[in-house]
Amino acid sequence: MRNRIMFPCASCEMQLRAPLHLAGRACSCPACGERVVVPFRPPAEEPPVLVMDDGYGRAQGRIR
Ligand SMILES: [Zn+2]
């Protein structure tokens with residue numbers, strides 16, 4: 001599983017990587033030193049996932 005969050009720095013737009021446990025925390029960008037908040041979910045890194053099923057997963061509310 002992924003244990004890193006990738007996100008662009010809000011200030012310098014550098015792609016940053018942070019370990020999952022830093023989600024929601026403010027850190028300083030290693031590139032520009034600005035304070036950035038690590039998002040809870042990687043905005044762009046999550047690949048599109050195609051799930052073929054009969055709707056069972058949806059009925060169970062497994063969609064995140
Ligand atoms: Zn930065």
# chains A, B, ... in the order shown; residues from 1 in each chain; ligands from 1

$ residues_near_ligand --ligand "ligand 1" --cutoff "8 Å" --atoms "only C-alpha atoms and all ligand atoms" --output "list in words"
Pro8, Cys9, Ala10, Ser11, Cys12, Glu13, Met14, Ser28, Cys29, Pro30, Ala31, Cys32, Gly33, Glu34, Arg35 and Val36 of chain A

$ residues_around --residues "Gly24 in chain A" --least-positions-apart "6" --cutoff "10 Å" --atoms "only C-alpha atoms" --output "ChimeraX atom specification"
/A:36-41

$ atom_distance --atom1 "CA of Arg17 in chain A" --atom2 "CA of Ile5 in chain A"
5.5 Å

$ residues_around --residues "Pro19 in chain A" --least-positions-apart "4" --cutoff "8 Å" --atoms "only C-alpha atoms" --output "PyMOL selection string"
chain A and resi 3-5+23
